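The block underneath contains the structure these notes are about, expressed in structure tokens.
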Amino acid sequence: MTRVSLLTVVVLIYLFLLAPLIIVVAVSFDPTDAFRFPPSGVSLRWYAAFFASETFLRAFFRVSLVVAVVVSAMATAVGGLAAIGLVRFLTRGRTLVETFFLAPIVVPEILLGAALFLYYSRIKMTTSLAGLVLGHLLLAIPYVVRTVAAGLAGIDPSLEEAALSLGASRPQAFWKVTVPMIRSSVLSGAIFAFIVSFSDINIALFVSGPDTVTLPVHVFSQIIWQADPTIAAASTLQIVLIAALLAVAQRTFRLRVTV
Amino acid sequence: MTTARGWVAFVLLAPGLTVLTLFLLVPLGLIVVISVFTYSPTQIWLPPVTTANYVKFFDPYYLGVTWTTVRIGLVTTLVCAVLGYPLAYFLARLRSRWLGLCLFLLITPLMVSSVIRIFGWLVILGRQGLVNAALGAVGFARVDLLYNEPAVVVGLTELLLPFMVLPLMTAIETIPRSVEEAARNLGAGSFALFQRVLLPLSLPGLVSGALLVYSVSISALVTPALMGGRKTRMLGNLVYDEVLTSMNWPFASAIAVVLLIVTGAVMATYLRTMRVLARRVGRP
């Protein structure tokens, strides 16, 4: 294959990959409700509709955003500590424990959702924000563990030893030398935890109740019941938020280690 | 020293182990238990232990859904491999400032909610959609592109392509350029180069990507629900309907257990091939 034909194929594959996102963004600016591409004009009509819709605002700001922020904070704490324990302190059975921490990726999300739904109804913890948070926490922890572990593994242990020989205590050396060096991988893990929660539909479809409808679940039911371009406006806001966060993550850390 | 280390490790790992035990292991154990209980329309499940839920699975209708699921999974994996290989090769050999942008454009769609990307496909493939408008403009009749099996494959392929590209790219990066040049100098054409040099050397990456794509695609729910219509139903749709609509939790659990065993086996193999790949790259 020549260079030019390879480049053509690659551009076409990227177009295929990005087509749905491009279309959603384009449709959100169309003044009509015809889902037309290219749009017949530029208008903010559907954004106005989004900000006037009680249910959309609630799903976006009071459910999805809140859950994602809480999940991100909890996953970073829990996953970050676990990664330090795994890389720095665990001597035996490391592979086993590591596999357990990555296990949520191995289980299909819809089965996690279904299992949690049955479990919550058994322990009478149905349709609360806490249920969503715990479900998303399962998805987010492996991302944080993986990024922070990769960050820690990339640090030369002799740096901490140098601090020790200069008179620092072990906790001091960890806190003042290692922590600043893994800051970017921790930030990257936190960003991915946020995004995983914010984008999730498979778990939320099972465990969100009438008062805790997340944005993706609301979009899902709107598609089924009454599709209008307000969905596209809400989706565009989600795409912009996620793309911005990924750009930050990419500046601070290698994306590929995380995904 | 060793015991002190062990205690610190335990304290650091304890919160995560607790969350994973209480909200991953216990719920999954619960569905295994429910799957052998008897269904009751009034009380959902009753204690007598039975194999009826698994036997019910062998009904021709459910076997048909299983076959559809396996078929869609296989076709999606194949299409992802065909589309993913040139892209992975391109990215693996790209050594410029464009690499960052190209990776960003690969990962951003992956992280956007699947329901939004499927919504995009509904707009593109719908009766009034982009493809039909283009067909109409050149004088063809409108066709039904949605609510069939190929539509589900298109949706899943677009969702899962990055999962194929990333491990494949890592594998191709480990092949030195000099190997390619040597093959070329010995007279290999593009196809021979691919078939006899690149493909065998990048096989661990291809296998990893394929296992990942297959296991995620056979547990799809939202894509067949929105793009498959009434006829194209997958095991994920069955689980969803039995849990939330029919409320036959023992049967739903039985389907879930079957799906869990299949995907678990596939993903265990995936983790093993990824470890082989990581060793080869020399990355932790």
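Labeling convention for the structure tokens: chains A, B, ... as they appear, residues from 1 per chain, ligands from 1 in order of appearance.
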
Taking a cut-off of 6 Å and counting only C-alpha atoms, can you build a table that, for each residue of chain B near chain A, reports the nearest atom pair and how far apart they are in Å (one decimal), sorted by chain then residue number, as CSV?
```
residue,atom,partner,partner_atom,distance
B:Arg5,CA,A:Phe89,CA,5.6
B:Ala9,CA,A:Gly85,CA,4.6
B:Leu12,CA,A:Leu81,CA,5.1
B:Leu13,CA,A:Ala82,CA,4.5
B:Gly16,CA,A:Val78,CA,5.5
B:Pro27,CA,A:Ala115,CA,5.2
B:Leu28,CA,A:Ala115,CA,5.8
B:Leu87,CA,A:Val10,CA,5.5
B:Val112,CA,A:Ser199,CA,5.9
B:Ser113,CA,A:Ser199,CA,4.2
B:Arg117,CA,A:Pro20,CA,5.3
B:Gly120,CA,A:Pro20,CA,4.0
B:Trp121,CA,A:Pro20,CA,5.5
B:Glu158,CA,A:Leu17,CA,5.6
B:Ser190,CA,A:Met1,CA,5.5
B:Met267,CA,A:Val106,CA,5.7
```

Could you check how far atom CA of B:Val49 sits from atom CA of B:Val36, in Å to one decimal?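 Pair atom CA of B:Val49 / atom CA of B:Val36 returns 5.4 Å.
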
I want to know what sits within 9 Å of B:Leu122, based on only C-alpha atoms, with residues of the same chain fewer than 2 positions away left out; could you give that as JSON, numbers by chain? {"A": [20], "B": [117, 118, 119, 120, 124, 125, 126, 129, 146, 226, 227]}

Residues within 12 Å of B:Arg177, only C-alpha atoms, excluding chain neighbours under 6 positions, as a ChimeraX atom specification: /B:89,92-94,183-184,193,197-198

Distance query A:Ser208 at most 8 Å, only C-alpha atoms, self and fewer than 6 positions along chain excluded, as a PDB file with N, CA and C atoms, in the first residue's frame:
```pdb
ATOM      1  N   THR A 127     -32.941   3.014  44.007  1.00  0.00           N
ATOM      2  CA  THR A 127     -33.066   4.300  43.312  1.00  0.00           C
ATOM      3  C   THR A 127     -32.551   5.506  44.088  1.00  0.00           C
ATOM      4  N   SER A 128     -31.430   5.357  44.764  1.00  0.00           N
ATOM      5  CA  SER A 128     -30.854   6.521  45.417  1.00  0.00           C
ATOM      6  C   SER A 128     -29.602   6.939  44.667  1.00  0.00           C
ATOM      7  N   LEU A 129     -29.157   8.168  44.942  1.00  0.00           N
ATOM      8  CA  LEU A 129     -27.908   8.625  44.332  1.00  0.00           C
ATOM      9  C   LEU A 129     -26.742   7.752  44.789  1.00  0.00           C
ATOM     10  N   GLY A 131     -26.664   4.618  45.299  1.00  0.00           N
ATOM     11  CA  GLY A 131     -26.599   3.414  44.481  1.00  0.00           C
ATOM     12  C   GLY A 131     -25.870   3.667  43.173  1.00  0.00           C
ATOM     13  N   LEU A 132     -26.177   4.809  42.561  1.00  0.00           N
ATOM     14  CA  LEU A 132     -25.488   5.182  41.312  1.00  0.00           C
ATOM     15  C   LEU A 132     -24.003   5.391  41.562  1.00  0.00           C
ATOM     16  N   THR A 214     -30.010   9.960  35.075  1.00  0.00           N
ATOM     17  CA  THR A 214     -28.792  10.631  34.608  1.00  0.00           C
ATOM     18  C   THR A 214     -29.006  11.152  33.191  1.00  0.00           C
TER      19      THR A 214
END
```

Spatial neighbours of B:Ile175, 8 Å, only C-alpha atoms, chain gap at least 2 places, as a list in words: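 Skipping anything fewer than 2 positions along the chain leaves Ala171, Ile172, Glu173, Arg177, Val179, Leu198, Leu201 and Ser202 of chain B.
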
Report as a list in words all protein, DNA and RNA residues lying within 8 Å of B:Arg127, evaluated on only C-alpha atoms, omitting residues in the same chain fewer than 2 positions from it.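 Here the qualifying residues turn out to be Leu125, Gly129, Asn132, Arg142, Val143, Asp144 and Leu145 of chain B.
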
Preceding selection exported with C-alpha atoms as a compact mmCIF listing (two decimals), in the first residue's frame:
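again22.txt was written with the following content:
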```txt
# COMPACT_ATOMS: atom_id res chain seq x y z
CA LEU B 125 -29.15 6.27 8.93
CA GLY B 129 -31.25 10.88 7.46
CA ASN B 132 -31.17 8.66 2.51
CA ARG B 142 -35.31 5.86 0.23
CA VAL B 143 -34.25 2.62 1.91
CA ASP B 144 -34.62 1.29 5.43
CA LEU B 145 -31.14 1.32 6.88
```
